[in-house]
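This is run_10.txt. It holds compact mmCIF, C-alpha atoms.
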# COMPACT_ATOMS: atom_id res chain seq x y z
CA MET M 1 32.58 7.75 2.02
CA PRO M 2 29.18 8.30 3.68
CA PRO M 3 27.69 11.78 3.26
CA LYS M 4 28.54 14.33 5.94
CA ASN M 5 24.87 15.00 6.71
CA PRO M 6 22.98 11.82 5.89
CA ARG M 7 19.21 12.23 5.71
CA LYS M 8 17.27 9.64 7.69
CA LEU M 9 14.73 8.08 5.34
CA TYR M 10 12.96 5.83 7.80
CA ARG M 11 12.50 5.52 11.53
CA ARG M 12 10.48 3.11 13.60
CA PRO M 13 7.06 4.63 14.40
CA ALA M 14 6.75 5.56 18.07
CA ALA M 15 3.47 3.62 18.21
CA LEU M 16 5.27 0.42 17.15
CA ALA M 17 7.01 -1.43 19.99
CA ASP M 18 10.73 -2.09 19.54
CA VAL M 19 10.48 -5.86 19.98
CA PRO M 20 11.00 -8.85 17.66
CA MET M 21 7.84 -10.04 15.93
CA HIS M 22 6.77 -13.68 15.98
CA TYR M 23 4.90 -13.69 12.66
CA CYS M 24 5.87 -16.09 9.87
CA VAL M 25 8.14 -14.79 7.11
CA GLY M 26 6.01 -12.90 4.59
CA CYS M 27 2.96 -12.61 6.85
CA GLY M 28 1.00 -9.44 6.27
CA HIS M 29 0.33 -8.73 9.94
CA SER M 30 3.78 -7.28 10.62
CA LEU M 31 3.48 -4.86 7.70
CA ILE M 32 -0.03 -3.84 8.74
CA HIS M 33 1.18 -3.19 12.29
CA LYS M 34 3.86 -0.88 10.95
CA VAL M 35 1.46 1.05 8.73
CA LEU M 36 -1.13 1.25 11.50
CA ALA M 37 1.48 2.59 13.92
CA GLU M 38 2.51 5.24 11.39
CA VAL M 39 -1.11 6.37 11.11
CA LEU M 40 -1.50 6.60 14.90
CA ASP M 41 1.68 8.70 15.06
CA GLU M 42 0.78 11.00 12.20
CA LEU M 43 -2.71 11.66 13.55
CA ALA M 44 -1.25 12.07 17.09
CA ILE M 45 -3.89 9.80 18.60
CA ALA M 46 -1.88 6.88 20.02
CA ASP M 47 -2.21 8.13 23.60
CA ARG M 48 -6.03 8.00 23.43
CA THR M 49 -6.44 4.96 21.19
CA ILE M 50 -7.78 1.61 22.39
CA GLY M 51 -7.45 -1.42 20.15
CA VAL M 52 -9.46 -4.62 20.50
CA ALA M 53 -8.09 -7.91 19.18
CA PRO M 54 -9.67 -11.38 19.28
CA VAL M 55 -8.49 -14.96 19.19
CA GLY M 56 -6.30 -15.81 16.20
CA CYS M 57 -3.08 -14.42 14.76
CA ALA M 58 -4.56 -10.95 15.22
CA VAL M 59 -4.55 -11.32 19.00
CA PHE M 60 -0.84 -10.61 19.28
CA ALA M 61 -1.29 -7.01 18.18
CA TYR M 62 -1.12 -6.08 21.86
CA ASN M 63 2.57 -7.08 21.88
CA TYR M 64 3.50 -4.69 19.10
CA LEU M 65 1.36 -1.55 19.26
CA ASN M 66 2.12 1.16 21.82
CA CYS M 67 -1.47 1.98 22.61
CA ASP M 68 -4.00 0.56 25.05
CA MET M 69 -5.25 -2.86 23.94
CA SER M 70 -8.06 -5.15 25.05
CA GLU M 71 -8.55 -8.80 24.14
CA ALA M 72 -12.03 -10.02 23.22
CA ALA M 73 -13.54 -13.48 23.17
CA HIS M 74 -13.58 -15.07 19.73
CA GLY M 75 -16.05 -13.22 17.51
CA ARG M 76 -17.07 -10.67 20.12
CA THR M 77 -14.64 -7.95 19.11
CA PRO M 78 -17.21 -5.47 17.69
CA ALA M 79 -19.34 -5.85 20.83
CA VAL M 80 -16.36 -5.14 23.09
CA ALA M 81 -15.28 -2.21 20.90
CA THR M 82 -18.83 -0.84 21.03
CA GLY M 83 -18.86 -1.01 24.83
CA ILE M 84 -15.49 0.71 25.15
CA LYS M 85 -16.45 3.49 22.75
CA ARG M 86 -19.75 4.14 24.47
CA ALA M 87 -18.11 4.17 27.89
CA ARG M 88 -15.19 6.31 26.73
CA PRO M 89 -16.53 8.34 23.78
CA ASP M 90 -13.44 10.58 23.65
CA SER M 91 -11.21 7.58 22.95
CA ILE M 92 -10.35 6.33 19.47
CA VAL M 93 -11.40 2.68 19.31
CA PHE M 94 -10.50 0.15 16.65
CA SER M 95 -10.96 -3.58 16.23
CA TYR M 96 -8.27 -5.66 14.55
CA GLN M 97 -9.79 -8.89 13.24
CA GLY M 98 -9.05 -11.86 11.00
CA ASP M 99 -11.49 -13.47 8.59
CA GLY M 100 -12.41 -16.33 10.93
CA ASP M 101 -13.22 -13.99 13.79
CA LEU M 102 -15.01 -11.30 11.78
CA ALA M 103 -16.79 -13.28 9.07
CA ALA M 104 -17.53 -16.58 10.85
CA ILE M 105 -18.16 -16.70 14.60
CA GLY M 106 -18.38 -12.90 14.76
CA LEU M 107 -20.51 -12.28 11.68
CA ALA M 108 -23.60 -11.23 13.67
CA GLU M 109 -21.62 -8.80 15.84
CA THR M 110 -19.95 -7.39 12.71
CA LEU M 111 -23.21 -6.73 10.89
CA HIS M 112 -25.09 -5.34 13.86
CA ALA M 113 -22.29 -2.92 14.83
CA ALA M 114 -22.20 -1.72 11.23
CA ASN M 115 -25.99 -1.52 11.07
CA ARG M 116 -26.04 0.64 14.22
CA GLY M 117 -23.37 2.90 12.77
CA GLU M 118 -21.12 2.61 15.81
CA ASN M 119 -18.39 5.26 15.78
CA ILE M 120 -15.53 2.74 15.66
CA THR M 121 -12.91 1.71 13.11
CA VAL M 122 -12.89 -1.93 12.04
CA ILE M 123 -9.70 -3.32 10.45
CA PHE M 124 -10.39 -6.64 8.73
CA ILE M 125 -7.38 -8.80 7.78
CA ASN M 126 -8.48 -11.16 5.02
CA ASN M 127 -5.98 -13.89 4.16
CA THR M 128 -8.61 -16.49 3.14
CA VAL M 129 -7.52 -19.05 5.74
CA TYR M 130 -7.45 -19.79 9.46
CA GLY M 131 -3.80 -19.03 10.14
CA MET M 132 -3.38 -19.71 13.85
CA THR M 133 -5.18 -23.04 14.20
CA GLY M 134 -3.72 -25.00 11.30
CA GLY M 135 -4.82 -23.60 7.97
CA GLN M 136 -8.48 -24.62 7.89
CA MET M 137 -11.02 -23.24 5.43
CA ALA M 138 -12.28 -19.77 6.31
CA PRO M 139 -15.46 -17.92 5.25
CA THR M 140 -13.30 -16.12 2.67
CA THR M 141 -11.45 -19.18 1.28
CA LEU M 142 -11.61 -19.00 -2.52
CA ILE M 143 -13.37 -21.51 -4.75
CA GLY M 144 -10.86 -24.27 -5.51
CA GLN M 145 -8.46 -23.18 -2.77
CA LYS M 146 -7.01 -26.10 -0.81
CA THR M 147 -6.88 -25.95 2.97
CA ALA M 148 -6.58 -28.41 5.83
CA THR M 149 -10.37 -28.90 5.81
CA SER M 150 -10.84 -28.57 2.05
CA PRO M 151 -7.92 -30.70 0.82
CA HIS M 152 -9.45 -31.01 -2.66
CA GLY M 153 -10.41 -27.37 -2.83
CA ARG M 154 -13.48 -25.39 -1.83
CA PHE M 155 -16.60 -26.41 -3.73
CA ALA M 156 -19.50 -23.96 -3.94
CA GLU M 157 -22.07 -26.76 -4.10
CA THR M 158 -21.28 -28.08 -0.63
CA MET M 159 -19.29 -25.27 1.02
CA GLY M 160 -20.91 -22.13 -0.36
CA TYR M 161 -19.17 -19.14 -1.87
CA PRO M 162 -16.59 -16.95 -0.11
CA LEU M 163 -18.19 -14.06 1.77
CA ARG M 164 -17.49 -10.60 0.39
CA MET M 165 -17.66 -8.53 3.54
CA CYS M 166 -17.29 -5.05 2.03
CA GLU M 167 -20.11 -5.74 -0.40
CA LEU M 168 -22.27 -7.15 2.39
CA ILE M 169 -21.71 -4.20 4.73
CA ASP M 170 -22.31 -1.78 1.86
CA THR M 171 -25.95 -2.96 1.74
CA LEU M 172 -26.51 -1.35 5.17
CA VAL M 173 -27.62 2.25 5.66
CA ARG M 174 -25.47 3.48 8.55
CA PRO M 175 -21.78 2.77 7.67
CA HIS M 176 -19.81 5.91 6.82
CA TYR M 177 -16.66 4.58 5.13
CA ILE M 178 -15.90 1.20 3.51
CA GLU M 179 -12.78 0.34 1.51
CA ARG M 180 -10.87 -2.77 0.50
CA VAL M 181 -7.12 -2.62 -0.14
CA ALA M 182 -4.50 -5.23 -1.01
CA LEU M 183 -0.96 -5.64 0.34
CA ASP M 184 0.64 -6.85 -2.88
CA GLY M 185 3.21 -4.12 -3.51
CA PRO M 186 4.54 -0.76 -2.30
CA ARG M 187 1.92 1.35 -4.09
CA ASN M 188 -0.93 -0.60 -2.55
CA VAL M 189 0.68 -0.51 0.89
CA LEU M 190 0.49 3.28 0.63
CA ARG M 191 -3.17 2.97 -0.38
CA ALA M 192 -3.77 0.83 2.69
CA LYS M 193 -2.20 3.51 4.85
CA ARG M 194 -4.40 6.16 3.26
CA ALA M 195 -7.51 4.04 3.86
CA LEU M 196 -6.62 3.59 7.53
CA THR M 197 -6.00 7.33 7.85
CA LEU M 198 -9.41 8.16 6.38
CA ALA M 199 -11.11 5.59 8.61
CA PHE M 200 -9.57 7.02 11.78
CA GLN M 201 -10.27 10.58 10.70
CA ALA M 202 -13.92 9.67 10.21
CA GLN M 203 -14.08 8.43 13.80
CA MET M 204 -12.23 11.48 15.10
CA ASN M 205 -14.89 13.64 13.40
CA GLY M 206 -17.75 11.57 14.84
CA ARG M 207 -18.92 10.33 11.44
CA GLY M 208 -19.68 6.76 12.50
CA TYR M 209 -18.72 3.26 11.40
CA SER M 210 -15.66 2.72 9.19
CA PHE M 211 -14.56 -0.60 7.73
CA VAL M 212 -11.19 -1.27 6.07
CA GLU M 213 -10.59 -4.72 4.59
CA ILE M 214 -6.96 -5.58 3.89
CA LEU M 215 -6.11 -8.48 1.57
CA SER M 216 -3.05 -10.04 3.16
CA ALA M 217 -0.67 -12.95 2.56
CA CYS M 218 -0.34 -16.12 4.65
CA PRO M 219 2.64 -17.87 2.97
CA THR M 220 2.62 -20.72 5.51
CA TYR M 221 -0.89 -21.90 4.65
CA PHE M 222 -0.93 -20.71 1.07
CA ARG M 223 2.09 -23.03 0.90
CA LEU M 224 3.83 -20.50 -1.30
CA SER M 225 6.98 -18.42 -1.01
CA PRO M 226 6.52 -14.89 0.36
CA LEU M 227 6.94 -13.47 -3.16
CA ASP M 228 4.48 -15.89 -4.73
CA SER M 229 2.07 -15.19 -1.88
CA LEU M 230 2.03 -11.51 -2.85
CA LYS M 231 1.22 -12.53 -6.41
CA PHE M 232 -1.63 -14.68 -5.06
CA VAL M 233 -3.00 -11.69 -3.18
CA GLY M 234 -2.75 -9.37 -6.18
CA LYS M 235 -4.22 -11.83 -8.68
CA GLU M 236 -6.39 -14.63 -7.30
CA MET M 237 -7.63 -12.81 -4.19
CA ALA M 238 -8.09 -9.42 -5.84
CA ASP M 239 -10.00 -11.02 -8.72
CA TYR M 240 -12.70 -12.19 -6.33
CA PHE M 241 -12.28 -9.43 -3.74
CA PRO M 242 -11.76 -6.28 -5.83
CA ALA M 243 -9.71 -3.61 -4.08
CA ARG M 244 -11.69 -0.39 -4.26
CA LEU M 245 -13.56 2.28 -2.35
CA PHE M 246 -17.13 1.17 -1.65
CA ARG M 247 -18.48 4.02 0.45
CA ASN M 248 -17.37 7.43 1.63
CA ASN M 249 -19.30 10.05 3.59
CA GLY M 250 -22.13 7.56 3.96
CA GLU M 251 -22.71 7.29 0.20
CA SER M 252 -22.03 4.19 -1.89
CA VAL M 253 -19.36 4.64 -4.55
CA HIS M 254 -20.10 2.67 -7.71
CA ALA M 255 -17.14 0.86 -9.29
Would you give me this structure, written as structure tokens?
Amino acid sequence: MPPKNPRKLYRRPAALADVPMHYCVGCGHSLIHKVLAEVLDELAIADRTIGVAPVGCAVFAYNYLNCDMSEAAHGRTPAVATGIKRARPDSIVFSYQGDGDLAAIGLAETLHAANRGENITVIFINNTVYGMTGGQMAPTTLIGQKTATSPHGRFAETMGYPLRMCELIDTLVRPHYIERVALDGPRNVLRAKRALTLAFQAQMNGRGYSFVEILSACPTYFRLSPLDSLKFVGKEMADYFPARLFRNNGESVHA
């Protein structure tokens, strides 16, 4: 028989819309949305938060998060977030970007917003591939990784090396908080939630630019099962993109 007074262990976050999600089975976006919504609830900031999402899988965040959302042109997300924050400084503003948007067409906007120390929170979803448009090679595609536009694998000699965005941003003076986390198991999901919490708290306290990179699975274009995709994130991706704290309180943290 069920207990007389069952204790509810989980409830849908209020900041997460009660609608079916369209993401592929095993995609990291749905999990990130849930964790992000929990953070907005726990910090009690959803009613004054404005998210900015660009073209790509990330754009559909506006369907699932119960906060104000704005869509930006491809690559222009940090510029739009900067404008919103400057116009409405009491709002909490975050960008939610994939690797193609943030590290390719939007690389200049990313670096300049970080270099200015804009008081925004940047959430970078790194799954090493262009997920929405057919699985093409991304700026973060690993050496040897096969994609629609690198069918024999990525070669450094002709395609360059994958960009390490946390390391790149950590060379700048102004950023306040930089961390990379990986969604490859329950413990690291909790670390991702903690990183998002710290990033939003930094903005709430007016500390400046915060950057959270989240290593995430794309089973469809990894061409792996959801379980094997998590192993890919925790091994192959994390080997090249180490999950760690890079900077806190404006000071670099050595590994």
Return the single residue from M:Asp90, M:Glu157, M:Asp41, M:Asp184 that is closest to Gly206 of chain M, with distances computed using all atoms listed in the file.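 Smallest distance to Gly206 of chain M is found for M:Asp90.
The shortest atom-to-atom distance to Glu109 of chain M, with all atoms listed in the file taken into account, belongs to M:Ala81 out of M:Ala81, M:Val189, M:Ala53, M:Ala199.
Atom to atom, atom CA of Thr141 of chain M and atom CA of Gly153 of chain M stand 9.2 Å apart.
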The residue from M:Leu102, M:Leu65, M:Ala195, M:Ala15 with the smallest atom-to-atom distance to Leu163 of chain M, counting all atoms listed in the file, is M:Leu102
Ala14 of chain M surroundings by all atoms listed in the file, 8 Å radius, close-in-sequence under 6 positions cut, as number ranges by chain: M: 37-38, 41, 66
